[in-house]
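S.K.: Right, I'll just put the structure down here and ask away after.
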Amino acid sequence: MGAQVVTITSGKGGVGKTTAVANLAVALAADGARVVCIDADIGLRNLDVVMGLENRIVYDLVDVIEGRCRLRQAMIRDKRLPELYLIPAAQTRDKSAVSPSDMIRLCEELRNDVDWILIDSPAGIERGFKNAIAPADQVLVITNPEVSAVRDADRVIGILEAEGKGTPSLIINRLNQTMVKHGDMLSAEDVLDLLAIKLIGIVPEDDQVIVATNRGVPVALDHKSRAGQAFRDIARRLKGEQVPFMNLEAGSSLWERIIRLGRK
Amino acid sequence: MEGSQALIQIKGLRDGLLVSLGDAEWSQARAALLEQIEAQQAFFRGARMALDVGNRIFHVNDLAELRDRLSEHGVTLWAVISESPTTEKTAQLLGLATRIAKPRPPEPAPILPQEVGEHMALWVARTLRSGTRLEVPGHVVIVGDVNPGAEVIAEGNIVVWGRVRGLVHAGAGGDEAAFVCGLDLSAAQVRIGRVAAFVEDGSASLRREGEIRPQKVIVKDGLLRFEAWQATLGKGE
C-alpha cells in the first residue's frame with residue numbers, strides 16, 4: 001500500500017548521494033514505476049542539475065511547505081521519463097525552513113499517488129539530515145572506500161539505529177578495483193567488516209558518471225556504463241529482486257579498458 | 001495560578017522543560033498550560049517542551065493544534081510521552097520524540113559506582129559505532145567491536161571480545177594497575193591511567209591485515225606494554 005519512502009544519506013559530503021538518488025530514480029522510473037525525488041538539501045540544491053531539470057523550476061519544496069503552491073505545482077516532470085518527478089530544494093533558504101514533521105506530512109500526501117519517494121539528504125547529521133530521514137521507511141547509507149567517509153557512515157548508522165529507523169542498507173560508491181588490488185584503497189570487505197550492515201550495491205568508479213552529471217543525463221540511462229548497470233541493479237534489489245553482484249574484476253582488466261577507449 | 005499549578009507540573013530537564021499533566025480533563029489541563037505560558041512569557045519563550053500526557057489518547061489534529069499554539073508563544077513542542085500506543089504513534093507521525101532524556105543508544109542507564117563492585121562488570125553486547133562514548137565507573141566487557149571514533153572510558157578494566165579501532169581508556173580514575181584486553185588492538189588508541197599510546201598509522205586502521213592476535217595491555221615502568229592475551233596471563237587476577 002502506497003509508496004516506499006527511501007532516504008539516501010552519508011554523513012560526509014561528496015560521496016555520491018545526489019548521483020545515487022538521480023540514478024536510482026531513473027532506473028526505477030525506466031522500469032515503469034511512478035517515482036518522486038525530493039531534494040532535501042535546502043540552500044544547496046543539486047539534484048535538479050544532475051537530472052537536467054534546472055531550467056524548469058518554478059516552485060520548490062519550501063513553497064509547498066509554506067503554502068505558496070500546491071504540491072502538484074512543485075513536481076517537475078522529467079524530460080525523458082513521464083512517470084518521474086522532482087521536487088526541488090529552495091536555493092535561497094536554509095534547513096530551518098523545513099521541519100521533520102513537514103517532511104512526514106509531505107510524504108503522506110504523496111504516498112497514494114506514486115510507488116517510490118526518494119529523498120536526497122544533505123551532508124551532516126543536523127537539521128537537514130533529520131528532515132530527510134524523518135519520513136523514511138528505508139534508509140540507504142552511501143559511502144566511498146575512504147577512511148573518512150566510512151567513519152562518517154558509521155556515525156550515521158549509529159544515529160539511525162538510535163532513532164529507531166532500523167538498520168540501513170549500504171551502497172559502496174566509486175570503488176576502484178585496480179587500486180584495491182594494489183592495496184591503495186579499502187576493499188568492499190574492509191568497509192563491510194567495519195560497518196557490518198547489509199550491502200545493497202557496489203558502484204565501480206566510472207568516468208561516465210562525471211560526464212553524465214555535467215550533461216544532466218543520469219548514467220543509469222547509459223546501458224554501456226558499468227556504474228549505470230550497478231545503479232540499475234540496486235534499483236532492482238530495492239524492489240526485492242535477487243540480483244547477483246556484478247563482477248568488478250572485469251571492469252578493470254586491460255582488455256576492458258582498451259575496449260572502452262575504442263568506444264570513444 | 002494556584003489552580004493551574006495543580007493541573008500541570010513543570011520541571012526543568014537538561015534539554016528542555018517537561019510538562020506533566022495531572023488527572024484533569026485535557027481541555028482543563030490545556031487551558032492551564034496555556035495560561036501558565038501567557039503568565040510567564042519570558043520564561044517560556046524559546047523553550048523546548050516535552051509533554052507527558054499519561055494514558056490520554058491524542059489524534060493528529062489535537063497534537064498538531066497544540067504544537068501550533070505553543071509555537072505561537074515561541075515554545076517548541078519536541079516530545080510527547082505517553083503510555084498510550086495510539087498517542088505515541090500520533091506523536092511519531094508528527095515527527096515528535098516519544099522518549100526523553102534519550103541518551104545516545106549504546107550508553108546504558110547511569111550506573112552508580114557502588115553497583116559495580118570489584119567483581120562485577122558492565123556487559124555491553126553490541127558494536128560501538130563512531131560518535132558513541134561509553135563511560136563506566138567500573139569494569140566493562142564489550143562483545144562487539146569498538147569502531148574508530150567510538151570511546152570507552154572505564155575506571156576499571158576493559159575487555160573487548162572484538163576488534164578495537166577506537167579509543168579505550170582503562171583505569172580512567174588514575175589506576176595504572178588496570179588493563180585492556182581485546183581480540184585485535186593493533187589499531188586501537190589505548191590509555192591506562194595517565195599513560196597513552198597512539199596508533200602509528202591511522203589511515204591503515206580499517207584494513208584487515210594478517211592474523212588476529214588477541215592482546216592485553218598493561219602499564220609497566222610507566223609505559224604501555226602490549227602482550228599476547230593468553231589464558232595463563234589471567235591466572236591469579
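So you can find residues: chains in the C-alpha cells are A, B, ... in the order shown, residues in each start at 1, and ligands are numbered from 1 in order.
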Please report, as a ChimeraX atom specification, each residue of stretch 155-257 of chain A to which DSSP assigns helix (DSSP H, G or I) when run on this structure's backbone.

M.R.: /A:155-162,177-181,188-195,207-215,219-221,226-238,248-252,254-257

S.K.: Could you work out which residues of chain A fall inside 8 Å of chain B? Count only C-alpha atoms, and format the result as a list of chain:residue names.

M.R.: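 The selection requested is A:Pro100, A:Ser101, A:Ile104, A:Arg105, A:Ala134, A:Val147, A:Arg151, A:Asp152, A:Asp154, A:Arg155, A:Ile157, A:Gly158, A:Ile159, A:Ala162, A:Leu186, A:Asp190, A:Val191, A:Leu194.
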
S.K.: Take the selection from the previous step and output its residues with all heavy atoms, as a compact mmCIF listing (two decimals), in the first residue's frame.

M.R.:
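Listed below is the output, part00.txt:
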# COMPACT_ATOMS: atom_id res chain seq x y z
N PRO A 100 11.05 18.20 10.45
CA PRO A 100 10.78 16.78 10.19
C PRO A 100 9.30 16.50 9.99
O PRO A 100 8.93 15.71 9.12
CB PRO A 100 11.31 16.09 11.45
CG PRO A 100 12.40 16.99 11.93
CD PRO A 100 11.93 18.38 11.62
N SER A 101 8.44 17.18 10.75
CA SER A 101 7.01 16.87 10.57
C SER A 101 6.49 17.39 9.24
O SER A 101 5.57 16.80 8.66
CB SER A 101 6.19 17.41 11.74
OG SER A 101 6.53 18.73 12.02
N ILE A 104 7.27 14.64 6.86
CA ILE A 104 6.37 13.50 7.04
C ILE A 104 5.02 13.80 6.39
O ILE A 104 4.47 12.98 5.65
CB ILE A 104 6.20 13.17 8.54
CG1 ILE A 104 7.53 12.63 9.08
CG2 ILE A 104 5.08 12.17 8.75
CD1 ILE A 104 7.59 12.48 10.58
N ARG A 105 4.51 15.00 6.61
CA ARG A 105 3.21 15.40 6.01
C ARG A 105 3.27 15.34 4.49
O ARG A 105 2.39 14.80 3.84
CB ARG A 105 2.85 16.82 6.44
CG ARG A 105 1.89 16.88 7.62
CD ARG A 105 1.15 18.20 7.65
NE ARG A 105 2.06 19.34 7.61
CZ ARG A 105 2.63 19.86 8.70
NH1 ARG A 105 2.41 19.35 9.89
NH2 ARG A 105 3.45 20.90 8.60
N ALA A 134 13.28 11.66 8.54
CA ALA A 134 12.02 11.57 9.31
C ALA A 134 10.95 10.73 8.61
O ALA A 134 10.33 9.89 9.24
CB ALA A 134 11.50 12.96 9.64
N VAL A 147 38.69 6.14 4.35
CA VAL A 147 38.59 6.05 5.80
C VAL A 147 37.62 7.10 6.36
O VAL A 147 36.77 6.80 7.18
CB VAL A 147 39.98 6.19 6.44
CG1 VAL A 147 39.87 6.22 7.94
CG2 VAL A 147 40.86 5.04 6.01
N ARG A 151 34.07 6.38 8.28
CA ARG A 151 33.88 6.82 9.66
C ARG A 151 32.54 7.56 9.82
O ARG A 151 31.78 7.33 10.74
CB ARG A 151 35.03 7.75 10.04
CG ARG A 151 34.88 8.46 11.36
CD ARG A 151 35.43 7.68 12.50
NE ARG A 151 36.81 7.31 12.31
CZ ARG A 151 37.84 7.88 12.94
NH1 ARG A 151 37.63 8.85 13.78
NH2 ARG A 151 39.07 7.47 12.74
N ASP A 152 32.25 8.45 8.86
CA ASP A 152 31.00 9.22 8.92
C ASP A 152 29.80 8.31 8.72
O ASP A 152 28.76 8.48 9.35
CB ASP A 152 31.00 10.33 7.86
CG ASP A 152 31.95 11.46 8.25
OD1 ASP A 152 32.57 11.36 9.32
OD2 ASP A 152 32.06 12.43 7.48
N ASP A 154 29.58 5.27 9.58
CA ASP A 154 29.43 4.53 10.83
C ASP A 154 28.64 5.36 11.85
O ASP A 154 27.73 4.87 12.51
CB ASP A 154 30.83 4.20 11.38
CG ASP A 154 30.77 3.22 12.54
OD1 ASP A 154 29.98 2.26 12.46
OD2 ASP A 154 31.52 3.41 13.51
N ARG A 155 28.98 6.63 11.92
CA ARG A 155 28.28 7.54 12.83
C ARG A 155 26.80 7.65 12.47
O ARG A 155 25.92 7.58 13.32
CB ARG A 155 28.95 8.91 12.75
CG ARG A 155 28.31 10.00 13.59
CD ARG A 155 28.93 10.02 14.97
NE ARG A 155 28.55 11.22 15.71
CZ ARG A 155 27.54 11.27 16.55
NH1 ARG A 155 26.79 10.20 16.75
NH2 ARG A 155 27.28 12.37 17.21
N ILE A 157 24.99 5.53 10.77
CA ILE A 157 24.29 4.27 11.04
C ILE A 157 23.92 4.20 12.53
O ILE A 157 22.80 3.81 12.88
CB ILE A 157 25.17 3.06 10.64
CG1 ILE A 157 25.39 3.04 9.13
CG2 ILE A 157 24.51 1.74 11.08
CD1 ILE A 157 26.52 2.15 8.68
N GLY A 158 24.86 4.63 13.39
CA GLY A 158 24.57 4.65 14.82
C GLY A 158 23.39 5.54 15.14
O GLY A 158 22.51 5.19 15.93
N ILE A 159 23.32 6.71 14.51
CA ILE A 159 22.21 7.64 14.76
C ILE A 159 20.90 7.04 14.26
O ILE A 159 19.88 7.10 14.93
CB ILE A 159 22.48 9.00 14.08
CG1 ILE A 159 23.69 9.66 14.72
CG2 ILE A 159 21.25 9.91 14.19
CD1 ILE A 159 24.16 10.92 14.00
N ALA A 162 19.68 4.57 16.62
CA ALA A 162 19.17 5.22 17.83
C ALA A 162 17.81 5.85 17.59
O ALA A 162 16.97 5.90 18.49
CB ALA A 162 20.16 6.29 18.29
N LEU A 186 40.64 0.90 0.28
CA LEU A 186 39.92 -0.07 1.09
C LEU A 186 39.09 -0.95 0.17
O LEU A 186 38.53 -0.46 -0.81
CB LEU A 186 38.98 0.64 2.06
CG LEU A 186 39.59 1.54 3.11
CD1 LEU A 186 38.49 2.25 3.88
CD2 LEU A 186 40.46 0.74 4.05
N ASP A 190 36.70 -4.68 3.53
CA ASP A 190 37.18 -3.84 4.64
C ASP A 190 36.04 -2.96 5.16
O ASP A 190 35.85 -2.81 6.36
CB ASP A 190 38.32 -2.91 4.17
CG ASP A 190 39.59 -3.67 3.83
OD1 ASP A 190 39.81 -4.73 4.43
OD2 ASP A 190 40.36 -3.19 2.98
N VAL A 191 35.31 -2.35 4.21
CA VAL A 191 34.24 -1.43 4.58
C VAL A 191 33.12 -2.19 5.30
O VAL A 191 32.63 -1.77 6.35
CB VAL A 191 33.68 -0.72 3.32
CG1 VAL A 191 32.49 0.17 3.69
CG2 VAL A 191 34.77 0.10 2.66
N LEU A 194 33.80 -3.26 8.89
CA LEU A 194 33.62 -2.23 9.93
C LEU A 194 32.16 -1.90 10.12
O LEU A 194 31.66 -1.84 11.25
CB LEU A 194 34.38 -0.96 9.55
CG LEU A 194 34.25 0.07 10.67
CD1 LEU A 194 35.48 0.04 11.56
CD2 LEU A 194 34.00 1.46 10.16

S.K.: So which one's closest to A:Leu84, A:Arg34, A:Lys239, A:His182, A:Arg226? Using only C-alpha atoms, please.

M.R.: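 For A:Leu84, the nearest of the candidates is A:Arg34.
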
S.K.: List the spatial neighbours of B:Leu13 as a list of chain:residue names - criterion: any atom at most 10 Å away, only C-alpha atoms, same-chain residues fewer than 5 positions off excluded.

M.R.: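 Near neighbours after the sequence-gap exclusion: B:Leu18, B:Arg48, B:Met49, B:Ala50, B:Ile100, B:Ala101.
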
S.K.: Mind the document's chain letters and residue numbers, and return as number ranges by chain the residues of stretch 1-235 of chain B that DSSP labels strand (DSSP E or B).

M.R.: B: 8-13, 16-21, 48-52, 76-81, 97, 121-124, 128, 133-136, 139-143, 146, 151-154, 158-164, 167-170, 180-184, 189-192, 195-197, 215-220, 223-228
